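First the structure, in the form of structure tokens, and then the observations on it.
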Amino acid sequence: MLAAGHGNVLASRLIHRAHAMADWHLYAPVCALVEADRSRPGVAEHFAALPGVTVEDLDLPAALALARETTWADAHVRYVAQPTPDRPDGALIVTAAPERWKGQPVRVFDLTPDAG
């Protein structure tokens, strides 16, 4: 979210693709929206208004998973990325900080310009 707010081209392309293509989906965990908005006020409102983005609420199963963690945003992102009946392979975590997810049981899409 912050990468898109800072003009990251790959993030912008993903947002455009999620808007333009029915089989592409971007998920914004609400706890990550809060953290992003604390760093860059207005980003949560902007993302919530994008037609290609689905805001993932903090429901009871997510809250129970987060309760055991120290960082709510990361925990909610990891929870949303887990496989579900609708997403049997889970979801990719799109990030400009891939080192944050090193050693985690998640798939990462690196937004850094030198990622290759």
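Lettering and numbering for the structure tokens are positional, with chains as A, B, ... in the shown order, residues counted from 1 in each chain, and ligands counted from 1 in the shown order.
All residues of protein, DNA or RNA that reach within 7 Å of region 52-62 of chain A, judged by only C-alpha atoms and not counting those fewer than 2 positions away in the chain, are Ile15, Ala18, His19, His25, Leu26, Tyr27, Ala28, Pro29, Val30, Phe47, Ala48, Leu50, Leu64, Ala65, Leu66, His76 and Tyr79 of chain A.
For the pair CA of Ala63 (chain A) and CA of Arg40 (chain A), the separation is 24.3 Å.
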(request) Using DSSP on the backbone coordinates, identify the residues of region 52-87 of chain A assigned to alpha helix (DSSP H); present them as a list in words. (result) Leu60, Pro61, Ala62, Ala63, Leu64, Ala65, Leu66, Trp72, Ala73, Asp74, Ala75, His76, Val77, Arg78, Tyr79, Val80 and Ala81 of chain A
(message) Neighbouring residues of Val9 (chain A) were defined as those with any atom within 12 Å, considering only C-alpha atoms; residues of the same chain fewer than 6 positions away were excluded. Please report them as a list of chain:residue names.
(response) A:Ala3, A:Ile15, A:His16, A:Ala96, A:Leu111, A:Thr112, A:Pro113
Selection above as a file: N, CA, C and O atoms, as a compact mmCIF listing (two decimals), in the first residue's frame:
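Result went into out.txt, see below:
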# COMPACT_ATOMS: atom_id res chain seq x y z
N ALA A 3 3.97 1.35 -0.98
CA ALA A 3 4.71 1.38 -2.24
C ALA A 3 3.88 2.05 -3.33
O ALA A 3 4.38 2.87 -4.10
N ILE A 15 -2.60 -2.88 -9.38
CA ILE A 15 -3.89 -2.25 -9.06
C ILE A 15 -4.72 -2.09 -10.32
O ILE A 15 -5.92 -2.40 -10.33
N HIS A 16 -4.09 -1.64 -11.40
CA HIS A 16 -4.80 -1.49 -12.67
C HIS A 16 -5.32 -2.83 -13.17
O HIS A 16 -6.47 -2.95 -13.59
N ALA A 96 7.16 -4.35 -0.86
CA ALA A 96 8.44 -3.74 -1.19
C ALA A 96 9.45 -4.04 -0.08
O ALA A 96 10.56 -3.54 -0.10
N LEU A 111 8.16 -6.13 -4.89
CA LEU A 111 7.94 -4.91 -5.65
C LEU A 111 9.18 -4.03 -5.78
O LEU A 111 9.12 -2.99 -6.41
N THR A 112 10.29 -4.46 -5.20
CA THR A 112 11.48 -3.60 -5.27
C THR A 112 11.97 -3.52 -6.71
O THR A 112 11.92 -4.51 -7.44
N PRO A 113 12.45 -2.36 -7.10
CA PRO A 113 12.84 -2.15 -8.50
C PRO A 113 13.91 -3.11 -9.01
O PRO A 113 13.91 -3.47 -10.16
(request) Could you jot down the CA of Val108 (chain A) to CA of Val94 (chain A) separation for me, Å, one decimal place? (result) 6.0 Å
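Nearest residue to Trp72 (chain A) among A:Met21, A:Ala49, A:Ile93, A:Ala36 is A:Ala36, counting only C-alpha atoms.
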(request) Go through region 40-76 of chain A and collect every residue that DSSP, computed from the backbone, puts in strand (DSSP E or B); the answer should be as JSON, numbers by chain. (result) {"A": [53, 54, 55, 56]}
